[in-house]
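With TSV, C-alpha atoms and all ligand atoms inside, this is target.tsv:
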chain	number	residue	atom	x	y	z
U	1	MET	CA	-61.98	42.10	25.64
U	2	SER	CA	-63.79	44.80	23.64
U	3	GLY	CA	-62.71	46.05	20.22
U	4	SER	CA	-59.55	44.78	18.54
U	5	PRO	CA	-56.98	43.46	21.00
U	6	THR	CA	-53.65	45.27	21.17
U	7	LEU	CA	-50.36	43.53	20.43
U	8	ASP	CA	-49.54	43.39	24.16
U	9	GLU	CA	-52.88	41.76	24.90
U	10	LEU	CA	-52.37	39.20	22.12
U	11	VAL	CA	-48.86	38.35	23.29
U	12	LYS	CA	-50.15	37.85	26.86
U	13	LEU	CA	-53.07	35.64	25.76
U	14	ASP	CA	-50.76	33.56	23.60
U	15	ALA	CA	-48.23	33.16	26.41
U	16	GLU	CA	-50.92	31.96	28.80
U	17	HIS	CA	-53.13	29.81	26.60
U	18	VAL	CA	-51.35	28.71	23.43
U	19	MET	CA	-48.78	25.89	23.46
U	20	GLN	CA	-45.42	27.54	23.21
U	21	THR	CA	-44.15	25.72	20.11
U	22	TYR	CA	-43.19	28.85	18.15
U	23	GLY	CA	-40.51	31.45	18.80
U	24	ARG	CA	-42.69	34.28	17.56
U	25	ILE	CA	-41.65	37.78	16.55
U	26	PRO	CA	-43.85	40.34	18.35
U	27	VAL	CA	-45.90	41.60	15.41
U	28	ALA	CA	-49.59	40.73	14.87
U	29	PHE	CA	-50.93	41.01	11.35
U	30	VAL	CA	-54.59	41.90	11.04
U	31	ARG	CA	-55.22	42.57	7.35
U	32	GLY	CA	-53.72	41.99	3.93
U	33	SER	CA	-54.20	42.94	0.30
U	34	GLY	CA	-52.03	41.62	-2.52
U	35	THR	CA	-48.41	41.96	-1.45
U	36	ARG	CA	-49.29	44.29	1.47
U	37	LEU	CA	-49.94	43.49	5.13
U	38	TRP	CA	-51.03	45.68	8.03
U	39	ASP	CA	-50.30	45.03	11.71
U	40	SER	CA	-52.36	45.75	14.83
U	41	ASP	CA	-50.90	49.28	15.01
U	42	GLY	CA	-51.90	50.06	11.43
U	43	LYS	CA	-48.31	49.86	10.14
U	44	GLU	CA	-48.00	48.71	6.51
U	45	TYR	CA	-45.58	46.06	5.26
U	46	LEU	CA	-44.50	44.56	1.97
U	47	ASP	CA	-44.94	40.81	2.34
U	48	PHE	CA	-42.06	39.05	0.63
U	49	LEU	CA	-42.54	35.81	2.54
U	50	GLY	CA	-46.16	35.06	1.56
U	51	GLY	CA	-46.90	33.15	4.77
U	52	LEU	CA	-44.04	30.76	3.89
U	53	ALA	CA	-44.82	30.39	0.16
U	54	VAL	CA	-48.54	29.99	0.82
U	55	THR	CA	-50.32	33.14	-0.38
U	56	SER	CA	-49.33	32.50	-3.97
U	57	LEU	CA	-51.77	35.03	-5.41
U	58	GLY	CA	-51.39	37.58	-2.61
U	59	HIS	CA	-53.63	38.36	0.34
U	60	ALA	CA	-57.39	38.68	-0.03
U	61	HIS	CA	-57.30	37.97	-3.76
U	62	PRO	CA	-60.74	39.24	-4.86
U	63	GLU	CA	-61.66	36.26	-7.04
U	64	VAL	CA	-60.55	33.70	-4.45
U	65	ALA	CA	-62.26	35.64	-1.65
U	66	ALA	CA	-65.51	35.80	-3.64
U	67	ALA	CA	-65.39	32.07	-4.42
U	68	ILE	CA	-64.78	31.24	-0.74
U	69	ALA	CA	-67.64	33.50	0.34
U	70	ASP	CA	-69.97	31.99	-2.25
U	71	GLN	CA	-69.05	28.45	-1.28
U	72	ALA	CA	-69.34	29.28	2.44
U	73	GLY	CA	-72.92	30.35	1.81
U	74	THR	CA	-73.64	27.23	-0.27
U	75	LEU	CA	-72.00	24.17	1.32
U	76	LEU	CA	-68.88	23.97	3.47
U	77	HIS	CA	-68.61	20.29	4.10
U	78	VAL	CA	-70.08	16.86	3.50
U	79	SER	CA	-68.33	13.66	4.38
U	80	ASN	CA	-66.33	11.64	1.89
U	81	LEU	CA	-69.03	8.97	2.21
U	82	TYR	CA	-70.67	11.02	-0.57
U	83	TYR	CA	-69.58	13.00	-3.60
U	84	ASN	CA	-69.40	16.77	-3.46
U	85	ALA	CA	-69.71	19.07	-6.45
U	86	VAL	CA	-66.16	20.45	-6.30
U	87	GLN	CA	-63.65	17.74	-5.33
U	88	PRO	CA	-63.80	15.73	-8.60
U	89	GLN	CA	-63.38	18.91	-10.63
U	90	LEU	CA	-60.29	19.87	-8.63
U	91	GLY	CA	-59.01	16.32	-9.03
U	92	GLU	CA	-59.31	16.65	-12.81
U	93	ARG	CA	-57.52	20.00	-12.87
U	94	LEU	CA	-54.58	18.83	-10.78
U	95	ASP	CA	-54.35	15.58	-12.69
U	96	LEU	CA	-54.23	17.50	-15.99
U	97	LEU	CA	-51.36	19.66	-14.68
U	98	LEU	CA	-49.41	16.62	-13.49
U	99	THR	CA	-50.25	14.63	-16.61
U	100	SER	CA	-48.68	17.30	-18.76
U	101	ALA	CA	-45.66	17.63	-16.43
U	102	THR	CA	-45.00	13.87	-16.19
U	103	GLY	CA	-46.51	12.47	-19.41
U	104	THR	CA	-48.72	10.04	-17.46
U	105	PRO	CA	-52.28	10.43	-16.18
U	106	GLY	CA	-52.94	9.67	-12.54
U	107	ARG	CA	-55.19	10.31	-9.57
U	108	VAL	CA	-55.25	12.66	-6.58
U	109	PHE	CA	-55.96	12.20	-2.87
U	110	PHE	CA	-56.94	15.31	-0.92
U	111	ALA	CA	-55.59	16.13	2.53
U	112	ASN	CA	-55.38	19.28	4.64
U	113	SER	CA	-51.67	20.08	4.86
U	114	GLY	CA	-48.27	19.32	3.44
U	115	ALA	CA	-47.44	16.77	6.12
U	116	GLU	CA	-50.70	14.96	5.43
U	117	ALA	CA	-50.06	14.95	1.70
U	118	ASN	CA	-46.69	13.31	2.44
U	119	GLU	CA	-48.31	10.83	4.86
U	120	CYS	CA	-50.54	9.77	1.98
U	121	ALA	CA	-47.52	9.42	-0.33
U	122	ILE	CA	-45.69	7.27	2.23
U	123	LYS	CA	-48.67	5.01	2.90
U	124	LEU	CA	-49.26	4.65	-0.85
U	125	ALA	CA	-45.58	3.83	-1.49
U	126	ARG	CA	-45.65	1.15	1.22
U	127	ARG	CA	-48.91	-0.30	-0.10
U	128	HIS	CA	-47.49	-0.36	-3.62
U	129	GLY	CA	-44.13	-1.73	-2.48
U	130	GLN	CA	-45.65	-4.53	-0.47
U	131	SER	CA	-47.98	-5.61	-3.28
U	132	ASN	CA	-45.09	-5.56	-5.78
U	133	GLY	CA	-42.02	-6.49	-3.74
U	134	GLY	CA	-43.31	-8.30	-0.67
U	135	PRO	CA	-43.68	-7.51	3.03
U	136	ASP	CA	-40.09	-6.26	3.50
U	137	ARG	CA	-40.33	-3.51	0.90
U	138	PHE	CA	-41.30	-0.63	3.18
U	139	HIS	CA	-38.17	1.51	3.54
U	140	VAL	CA	-38.29	5.16	2.50
U	141	LEU	CA	-35.08	6.98	1.62
U	142	SER	CA	-34.93	10.75	1.94
U	143	ALA	CA	-32.17	13.37	2.14
U	144	TYR	CA	-30.33	15.02	4.99
U	145	ASN	CA	-31.41	18.62	5.47
U	146	SER	CA	-34.82	17.86	3.95
U	147	PHE	CA	-38.17	18.89	5.38
U	148	HIS	CA	-41.30	16.82	4.93
U	149	GLY	CA	-43.47	17.77	7.92
U	150	ARG	CA	-43.88	17.44	11.68
U	151	THR	CA	-46.15	14.42	12.13
U	152	LEU	CA	-44.19	11.48	13.53
U	153	THR	CA	-43.92	9.75	10.16
U	154	THR	CA	-43.01	12.82	8.13
U	155	LEU	CA	-40.59	13.77	10.91
U	156	ALA	CA	-38.97	10.37	10.48
U	157	ALA	CA	-38.52	11.25	6.80
U	158	THR	CA	-37.23	14.75	7.63
U	159	GLY	CA	-33.44	14.62	7.60
U	160	GLN	CA	-32.86	16.97	10.51
U	161	PRO	CA	-31.75	15.01	13.61
U	162	GLN	CA	-32.19	18.03	15.91
U	163	LYS	CA	-35.94	18.10	15.15
U	164	GLN	CA	-36.24	14.33	15.76
U	165	GLU	CA	-34.19	13.95	18.94
U	166	THR	CA	-36.84	14.45	21.59
U	167	PHE	CA	-39.53	12.37	19.91
U	168	GLN	CA	-37.96	8.93	19.76
U	169	PRO	CA	-38.88	6.30	18.88
U	170	LEU	CA	-39.99	7.45	15.45
U	171	PRO	CA	-41.67	5.06	12.99
U	172	SER	CA	-39.10	2.67	11.54
U	173	GLY	CA	-38.09	2.15	7.92
U	174	PHE	CA	-36.80	5.67	7.23
U	175	ARG	CA	-33.22	6.33	6.23
U	176	GLN	CA	-31.43	9.47	5.02
U	177	VAL	CA	-28.61	9.99	2.54
U	178	GLU	CA	-26.69	13.10	1.44
U	179	PHE	CA	-28.74	15.31	-0.88
U	180	ALA	CA	-27.35	15.58	-4.42
U	181	ASP	CA	-25.11	12.51	-3.99
U	182	LEU	CA	-26.19	9.79	-6.43
U	183	ASP	CA	-23.54	7.31	-5.26
U	184	ALA	CA	-24.76	7.56	-1.67
U	185	LEU	CA	-28.32	6.99	-2.82
U	186	GLY	CA	-27.32	4.04	-5.02
U	187	ALA	CA	-25.46	2.43	-2.11
U	188	ALA	CA	-28.50	2.76	0.17
U	189	MET	CA	-31.00	1.40	-2.35
U	190	ASP	CA	-31.55	-2.24	-1.51
U	191	GLU	CA	-34.68	-4.24	-2.26
U	192	ARG	CA	-36.32	-3.10	0.98
U	193	VAL	CA	-36.71	0.41	-0.47
U	194	CYS	CA	-40.22	1.20	-1.69
U	195	ALA	CA	-39.66	4.91	-2.32
U	196	VAL	CA	-37.21	7.77	-2.55
U	197	LEU	CA	-38.70	11.01	-1.21
U	198	LEU	CA	-37.02	14.27	-2.23
U	199	GLU	CA	-37.66	17.99	-2.62
U	200	ALA	CA	-36.80	19.59	-5.97
U	201	VAL	CA	-35.49	22.58	-4.01
U	202	GLN	CA	-34.85	21.96	-0.31
U	203	GLY	CA	-36.92	24.82	1.06
U	204	GLU	CA	-36.61	24.75	4.85
U	205	GLY	CA	-33.11	23.35	4.39
U	206	GLY	CA	-31.95	26.74	3.11
U	207	VAL	CA	-33.36	26.95	-0.44
U	208	GLN	CA	-30.95	24.40	-1.95
U	209	PRO	CA	-31.92	23.43	-5.51
U	210	ALA	CA	-31.19	19.90	-6.72
U	211	PRO	CA	-28.10	20.21	-8.95
U	212	PRO	CA	-28.50	19.59	-12.71
U	213	GLY	CA	-28.79	15.92	-13.56
U	214	TYR	CA	-29.41	14.76	-9.98
U	215	LEU	CA	-33.16	14.11	-10.14
U	216	GLU	CA	-32.79	12.49	-13.54
U	217	GLY	CA	-30.15	10.19	-12.03
U	218	VAL	CA	-32.48	9.41	-9.13
U	219	ARG	CA	-35.16	8.50	-11.67
U	220	ARG	CA	-32.81	6.01	-13.34
U	221	LEU	CA	-31.87	4.43	-9.99
U	222	CYS	CA	-35.55	4.15	-9.02
U	223	ASP	CA	-36.30	2.44	-12.36
U	224	GLU	CA	-33.41	-0.02	-11.90
U	225	ARG	CA	-34.34	-0.89	-8.33
U	226	GLU	CA	-38.13	-0.75	-8.69
U	227	ALA	CA	-38.61	2.04	-6.16
U	228	LEU	CA	-41.06	4.89	-6.53
U	229	LEU	CA	-39.81	8.45	-6.92
U	230	VAL	CA	-41.85	10.76	-4.70
U	231	ILE	CA	-41.24	14.48	-5.14
U	232	ASP	CA	-42.35	16.74	-2.29
U	233	GLU	CA	-43.59	19.86	-4.09
U	234	VAL	CA	-45.33	21.24	-1.00
U	235	GLN	CA	-43.20	24.40	-1.12
U	236	THR	CA	-42.06	24.41	-4.75
U	237	GLY	CA	-45.25	23.37	-6.53
U	238	LEU	CA	-47.73	25.38	-8.60
U	239	GLY	CA	-45.60	27.99	-10.30
U	240	ARG	CA	-43.36	29.03	-7.40
U	241	THR	CA	-40.06	28.12	-9.09
U	242	GLY	CA	-40.91	29.47	-12.54
U	243	ARG	CA	-42.29	26.13	-13.76
U	244	TRP	CA	-45.51	24.47	-12.64
U	245	PHE	CA	-43.44	22.01	-10.62
U	246	GLY	CA	-39.90	22.23	-9.30
U	247	PHE	CA	-38.95	18.84	-10.74
U	248	GLU	CA	-39.51	20.23	-14.25
U	249	HIS	CA	-36.17	22.03	-13.93
U	250	GLY	CA	-34.47	18.66	-13.54
U	251	GLY	CA	-34.84	17.13	-17.02
U	252	ASP	CA	-36.53	13.77	-17.53
U	253	VAL	CA	-37.66	13.18	-13.93
U	254	ARG	CA	-41.21	11.79	-14.29
U	255	PRO	CA	-41.98	11.33	-10.58
U	256	ASP	CA	-44.41	8.56	-9.66
U	257	VAL	CA	-45.91	10.56	-6.82
U	258	VAL	CA	-46.06	14.34	-6.27
U	259	THR	CA	-47.26	16.10	-3.11
U	260	MET	CA	-48.55	19.66	-2.95
U	261	ALA	CA	-50.04	21.99	-0.36
U	262	LYS	CA	-48.78	25.47	0.46
U	263	ALA	CA	-49.74	27.46	-2.65
U	264	LEU	CA	-52.82	25.43	-3.51
U	265	GLY	CA	-55.42	27.17	-1.34
U	266	ASN	CA	-53.79	30.63	-1.28
U	267	GLY	CA	-54.08	30.33	2.52
U	268	LEU	CA	-56.99	27.94	2.92
U	269	PRO	CA	-55.58	24.67	4.30
U	270	ILE	CA	-55.47	21.98	1.63
U	271	GLY	CA	-52.95	19.35	0.60
U	272	ALA	CA	-52.92	16.93	-2.31
U	273	CYS	CA	-51.04	13.79	-3.23
U	274	TRP	CA	-50.96	12.85	-6.92
U	275	ALA	CA	-49.78	9.47	-8.18
U	276	ARG	CA	-49.58	8.04	-11.69
U	277	GLY	CA	-52.38	5.63	-12.46
U	278	GLU	CA	-50.75	2.26	-11.81
U	279	VAL	CA	-49.37	3.47	-8.47
U	280	ALA	CA	-52.62	5.15	-7.39
U	281	GLU	CA	-54.41	1.86	-7.96
U	282	ALA	CA	-52.49	0.29	-5.06
U	283	PHE	CA	-55.01	2.06	-2.78
U	284	ARG	CA	-58.34	0.27	-2.35
U	285	PRO	CA	-61.48	1.75	-0.75
U	286	GLY	CA	-60.85	1.88	3.00
U	287	ASP	CA	-57.05	2.16	2.73
U	288	HIS	CA	-56.81	5.88	3.41
U	289	ALA	CA	-59.18	8.68	4.37
U	290	SER	CA	-59.52	12.21	5.70
U	291	THR	CA	-62.62	13.77	7.26
U	292	PHE	CA	-61.95	17.21	5.84
U	293	GLY	CA	-59.88	16.25	2.79
U	294	GLY	CA	-61.27	17.68	-0.44
U	295	GLN	CA	-64.23	19.31	1.28
U	296	PRO	CA	-66.19	21.79	-0.86
U	297	LEU	CA	-64.81	24.98	0.74
U	298	ALA	CA	-61.12	24.13	0.43
U	299	ALA	CA	-61.61	22.53	-2.99
U	300	ARG	CA	-63.48	25.57	-4.30
U	301	ALA	CA	-60.72	27.89	-3.10
U	302	ALA	CA	-58.11	25.69	-4.81
U	303	LEU	CA	-60.10	25.44	-8.02
U	304	THR	CA	-60.31	29.22	-8.16
U	305	VAL	CA	-56.60	29.53	-7.36
U	306	LEU	CA	-55.81	27.27	-10.33
U	307	ASP	CA	-58.13	29.33	-12.57
U	308	VAL	CA	-56.25	32.51	-11.71
U	309	MET	CA	-52.85	30.80	-11.91
U	310	GLU	CA	-53.54	29.49	-15.39
U	311	ARG	CA	-55.03	32.74	-16.64
U	312	GLU	CA	-52.11	34.79	-15.27
U	313	ASP	CA	-49.55	32.18	-16.35
U	314	VAL	CA	-47.94	32.34	-12.91
U	315	PRO	CA	-44.93	30.14	-13.78
U	316	ARG	CA	-43.88	32.63	-16.45
U	317	ARG	CA	-44.52	35.58	-14.12
U	318	ALA	CA	-42.57	33.94	-11.29
U	319	ALA	CA	-39.63	33.27	-13.61
U	320	ALA	CA	-39.54	36.89	-14.83
U	321	ALA	CA	-40.07	38.41	-11.36
U	322	GLY	CA	-37.44	36.09	-9.90
U	323	GLU	CA	-34.92	37.20	-12.50
U	324	LEU	CA	-35.58	40.87	-11.77
U	325	LEU	CA	-35.41	40.30	-8.00
U	326	THR	CA	-32.16	38.33	-8.31
U	327	LYS	CA	-30.51	40.95	-10.51
U	328	SER	CA	-31.60	43.82	-8.24
U	329	VAL	CA	-30.54	42.12	-5.02
U	330	LEU	CA	-27.14	41.13	-6.45
U	331	ALA	CA	-26.45	44.84	-7.01
U	332	ILE	CA	-26.45	45.38	-3.21
U	333	PRO	CA	-22.82	45.25	-2.02
U	334	ALA	CA	-23.62	43.31	1.20
U	335	VAL	CA	-25.24	40.47	-0.76
U	336	SER	CA	-22.80	37.73	-1.68
U	337	SER	CA	-25.03	35.44	-3.77
U	338	VAL	CA	-28.61	34.45	-4.56
U	339	ARG	CA	-29.81	30.87	-5.06
U	340	GLY	CA	-33.12	29.17	-5.76
U	341	ALA	CA	-35.51	29.38	-8.65
U	342	GLY	CA	-38.31	31.70	-9.70
U	343	LEU	CA	-39.77	33.32	-6.59
U	344	LEU	CA	-38.27	30.91	-4.07
U	345	LEU	CA	-34.92	32.52	-3.37
U	346	ALA	CA	-32.28	32.63	-0.66
U	347	ILE	CA	-30.26	35.83	-0.42
U	348	GLU	CA	-26.87	34.88	0.99
U	349	LEU	CA	-25.33	37.69	3.06
U	350	ALA	CA	-21.69	37.98	4.19
U	351	PRO	CA	-20.24	34.87	5.93
U	352	ASP	CA	-20.28	36.68	9.31
U	353	ALA	CA	-23.77	38.19	8.80
U	354	ASP	CA	-26.69	37.67	11.17
U	355	ALA	CA	-29.65	36.93	8.92
U	356	GLY	CA	-32.03	36.77	11.89
U	357	ALA	CA	-31.12	40.32	12.93
U	358	THR	CA	-31.31	41.47	9.30
U	359	ALA	CA	-34.80	39.96	8.93
U	360	ARG	CA	-35.89	41.75	12.13
U	361	ALA	CA	-34.47	45.05	10.84
U	362	CYS	CA	-36.30	44.53	7.53
U	363	LEU	CA	-39.53	43.99	9.48
U	364	ASP	CA	-38.95	47.24	11.39
U	365	HIS	CA	-38.57	48.93	7.99
U	366	GLY	CA	-41.76	47.36	6.66
U	367	LEU	CA	-40.48	44.33	4.75
U	368	VAL	CA	-41.41	40.75	5.68
U	369	VAL	CA	-38.72	38.14	4.91
U	370	ASN	CA	-37.28	35.35	7.05
U	371	ALA	CA	-33.87	33.98	7.94
U	372	VAL	CA	-33.78	30.56	6.29
U	373	THR	CA	-30.23	29.90	7.54
U	374	PRO	CA	-28.05	31.91	9.98
U	375	THR	CA	-26.61	33.85	7.01
U	376	ALA	CA	-29.39	33.82	4.36
U	377	LEU	CA	-32.78	35.48	3.93
U	378	ARG	CA	-35.63	33.68	2.18
U	379	VAL	CA	-38.00	35.53	-0.13
U	380	ALA	CA	-41.19	33.89	-1.47
U	381	PRO	CA	-43.61	36.70	-2.33
U	382	SER	CA	-46.91	36.49	-4.18
U	383	LEU	CA	-46.42	35.15	-7.70
U	384	LEU	CA	-48.31	38.26	-8.85
U	385	VAL	CA	-45.80	40.67	-7.25
U	386	SER	CA	-45.22	43.79	-9.37
U	387	ASP	CA	-41.91	45.22	-10.57
U	388	ALA	CA	-42.59	48.34	-8.46
U	389	GLU	CA	-43.07	46.20	-5.34
U	390	ILE	CA	-39.82	44.38	-6.08
U	391	ALA	CA	-38.02	47.71	-6.41
U	392	ALA	CA	-39.52	48.93	-3.11
U	393	ALA	CA	-38.52	45.72	-1.29
U	394	VAL	CA	-34.98	45.84	-2.67
U	395	ALA	CA	-34.68	49.49	-1.57
U	396	ILE	CA	-35.65	48.52	2.00
U	397	LEU	CA	-33.18	45.64	2.04
U	398	GLU	CA	-30.43	47.88	0.67
U	399	GLU	CA	-31.08	50.50	3.36
U	400	VAL	CA	-31.10	47.88	6.13
U	401	LEU	CA	-27.88	46.28	4.88
U	402	ALA	CA	-26.15	49.66	4.52
U	403	ARG	CA	-26.33	50.14	8.30
V	1	LIG	C1	-44.03	23.19	4.58
V	1	LIG	C2	-43.55	21.90	4.05
V	1	LIG	C3	-44.12	20.68	4.48
V	1	LIG	C4	-45.11	20.59	5.60
V	1	LIG	O1	-46.30	21.23	5.32
V	1	LIG	P1	-47.36	21.48	6.51
V	1	LIG	O2	-48.55	22.05	5.79
V	1	LIG	O3	-46.72	22.42	7.47
V	1	LIG	O4	-47.64	20.17	7.14
V	1	LIG	C5	-43.71	19.53	3.85
V	1	LIG	N1	-42.78	19.55	2.88
V	1	LIG	C6	-42.22	20.69	2.46
V	1	LIG	C7	-41.22	20.65	1.35
V	1	LIG	C8	-42.56	21.91	3.04
V	1	LIG	O5	-41.97	23.04	2.64
Would you give me this structure, written as structure tokens?
Ligand SMILES: *Cc1c(COP(=O)(O)O)cnc(C)c1O
Amino acid sequence: MSGSPTLDELVKLDAEHVMQTYGRIPVAFVRGSGTRLWDSDGKEYLDFLGGLAVTSLGHAHPEVAAAIADQAGTLLHVSNLYYNAVQPQLGERLDLLLTSATGTPGRVFFANSGAEANECAIKLARRHGQSNGGPDRFHVLSAYNSFHGRTLTTLAATGQPQKQETFQPLPSGFRQVEFADLDALGAAMDERVCAVLLEAVQGEGGVQPAPPGYLEGVRRLCDEREALLVIDEVQTGLGRTGRWFGFEHGGDVRPDVVTMAKALGNGLPIGACWARGEVAEAFRPGDHASTFGGQPLAARAALTVLDVMEREDVPRRAAAAGELLTKSVLAIPAVSSVRGAGLLLAIELAPDADAGATARACLDHGLVVNAVTPTALRVAPSLLVSDAEIAAAVAILEEVLAR
């Protein structure tokens, strides 16, 4: 194939050679800049999905791109048998962020995705539980409607039976309770439980924030029953919700373990699992590993992302932009409500609306969003999105919904 392939050619190649695990929409993006994307026909879009809350600083951020290029020409990878010049620095930076959010210093393990960050959290919780509570303390409680990843173990923790059905048997020791129901959690918490794993805002589950007081209550239960509180911040972490971490909206939560991924590399694959010191010490050399985890390229991208995030104060920007976006969208008659926090929002349409069709119509009009439930659109744009871009996106949505 010479030159750039056309959309038809890409669709055909994908159909023939790529495992058909995705129900893809027939658009191929070829270039991005900030909040803009261009497809294979040269059409321009406003990206209000950010690759599913991943491109936190927008596409092709110049500083991140330059750091990646510099690191690519210096050293991409060495094995974790040795030190590299970047990983410990990134570890320090993430630990400082989590130390100030939780009040306790800790340590980080680097992985390559959200699911892998959660795998690390689950292995660590079991290791910790078995050293402190004996061989039977290996159960992990999570919530219905949660999402923690697609590996077998994180799928076992993901409270969506329809995603689990065809992959039985899943690893044992995972149970789900209703989200936001402290009594249900309390009833399920016996001495076999080593950890409670929760999202601060259920992202894939429809952008459902934990109600006020819930996470604080979970913290108390975990203290009483000697279970670890693991917060999955893969989607909500690093400024997305208007705070550095989603759990910071929940009062005195102090999670023992926090997982991150999506926003951390601004598109370069990297995941991280942080644990407070005493918990992190349950891992001994040889207990867990990743070939690529914390390699210089991904770590350098993440370090640069954190530089820009801190300089731009992205939590504050996300909070302000989210407020503007919420207010503007609520002025559209066809919108019934908006939920979420910061720049992770669900726009609830009318009860009989078809959010999938609305998202497709938005795409035709040059706006990228997705249907997070049958009746709600998710928006998760760059945390650096401008007021003018918000106004332009809202105008497109208003026009689409007026039809
Ligand atoms: C996306 C997501 C994951 C899985 O991340 P991958 O990088 O796709 O493995 C886990 N937890 C939450 C909350 C997510 O949103």
Could you list, as a VMD selection string, all the residues within 7 Å of ligand LIG 1 (chain V), counting only C-alpha atoms and all ligand atoms?
-> chain U and resid 113 to 116 147 to 150 199 202 to 204 232 to 235 261 to 262
Selection file, C-alpha atoms, as a short mmCIF file (atom, residue, chain, number, x, y, z; two decimals), in the frame of the given file:
data_model
loop_
_atom_site.label_atom_id
_atom_site.label_comp_id
_atom_site.auth_asym_id
_atom_site.auth_seq_id
_atom_site.Cartn_x
_atom_site.Cartn_y
_atom_site.Cartn_z
CA SER U 113 -51.67 20.08 4.86
CA GLY U 114 -48.27 19.32 3.44
CA ALA U 115 -47.44 16.77 6.12
CA GLU U 116 -50.70 14.96 5.43
CA PHE U 147 -38.17 18.89 5.38
CA HIS U 148 -41.30 16.82 4.93
CA GLY U 149 -43.47 17.77 7.92
CA ARG U 150 -43.88 17.44 11.68
CA GLU U 199 -37.66 17.99 -2.62
CA GLN U 202 -34.85 21.96 -0.31
CA GLY U 203 -36.92 24.82 1.06
CA GLU U 204 -36.61 24.75 4.85
CA ASP U 232 -42.35 16.74 -2.29
CA GLU U 233 -43.59 19.86 -4.09
CA VAL U 234 -45.33 21.24 -1.00
CA GLN U 235 -43.20 24.40 -1.12
CA ALA U 261 -50.04 21.99 -0.36
CA LYS U 262 -48.78 25.47 0.46
#
Kindly provide the residues of range 176-290 of chain U that approach range 335-339 of chain U to within 10 Å, each paired with its closest atom pair and their distance in Å to one decimal, based on all atoms listed in the file, listed by chain and increasing number, as JSON lines.
{"residue": "U:Gly206", "atom": "CA", "partner": "U:Arg339", "partner_atom": "CA", "distance": 9.4}
{"residue": "U:Val207", "atom": "CA", "partner": "U:Arg339", "partner_atom": "CA", "distance": 7.0}
{"residue": "U:Gln208", "atom": "CA", "partner": "U:Arg339", "partner_atom": "CA", "distance": 7.3}
{"residue": "U:Pro209", "atom": "CA", "partner": "U:Arg339", "partner_atom": "CA", "distance": 7.7}
Resulting file, chosen residues, C-alpha atoms, as a CSV table (one decimal), in the frame of the given file:
chain,number,residue,atom,x,y,z
U,206,GLY,CA,-32.0,26.7,3.1
U,207,VAL,CA,-33.4,27.0,-0.4
U,208,GLN,CA,-31.0,24.4,-2.0
U,209,PRO,CA,-31.9,23.4,-5.5
Can you tell me, as JSON, numbers by chain, what residues are no more than 8 Å from Leu124 in chain U when counting only C-alpha atoms, ignoring any on the same chain fewer than 6 positions away?
-> {"U": [279, 280, 282, 283]}
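Going from CA of Glu399 in chain U to CA of Ser56 in chain U covers 26.7 Å.
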In file coordinates, which residues lie within 12 Å of (-51.4, 32.9, -13.4) using all atoms listed in the file, given as a ChimeraX atom specification?
-> /U:56-58,238-240,242-244,304-319,382-385
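For the choices U:Val218, U:Ala359, U:Ala66, U:Leu229, the atom-to-atom distance to Leu297 in chain U is smallest for U:Ala66 when using only C-alpha atoms.
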Name all residues at most 12 Å from range 39-44 of chain U (count only C-alpha atoms; drop same-chain ones fewer than 5 positions away) and give them as a PyMOL selection string.
-> chain U and resi 3-11+26-33+363-368
Neighbour list for Ala357 in chain U as a PyMOL selection string, cut-off 10 Å, all atoms listed in the file, skip fewer than 5 positions in-chain = chain U and resi 362-363+370-371+374-375
In terms of the shortest atom-to-atom distance over all atoms listed in the file, which of U:Ala341, U:Ile390, U:Ala195, U:Leu81 is closest to Gln295 in chain U?
-> U:Leu81
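Each of U:Leu49, U:Ala60, U:Leu198, U:Ala395 was compared to Leu268 in chain U using only C-alpha atoms, and U:Ala60 turns out to be the nearest.
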Taking 3 positions as the minimum chain separation for residues in the same chain, which residues sit within 10 Å of Ser172 in chain U when counting all atoms listed in the file? Answer as a PDB file with C-alpha atoms, keeping the file's coordinate frame.
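Generated output (around27.pdb):
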ATOM      1  CA  PHE U 138     -41.300  -0.630   3.180  1.00  0.00           C
ATOM      2  CA  HIS U 139     -38.170   1.510   3.540  1.00  0.00           C
ATOM      3  CA  VAL U 140     -38.290   5.160   2.500  1.00  0.00           C
ATOM      4  CA  THR U 153     -43.920   9.750  10.160  1.00  0.00           C
ATOM      5  CA  ALA U 156     -38.970  10.370  10.480  1.00  0.00           C
ATOM      6  CA  ALA U 157     -38.520  11.250   6.800  1.00  0.00           C
ATOM      7  CA  PRO U 169     -38.880   6.300  18.880  1.00  0.00           C
ATOM      8  CA  ARG U 175     -33.220   6.330   6.230  1.00  0.00           C
TER       9      ARG U 175
END
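The spacing separating CA of Ala350 in chain U from CA of Ala334 in chain U amounts to 6.4 Å.
For the atom pair formed by CA of Ala263 in chain U and CA of Thr236 in chain U, the distance is 8.5 Å, given to one decimal.
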One residue among U:Pro296, U:Leu37, U:Pro212, U:Gln20 is nearest to Thr74 in chain U when using all atoms listed in the file, and that residue is U:Pro296
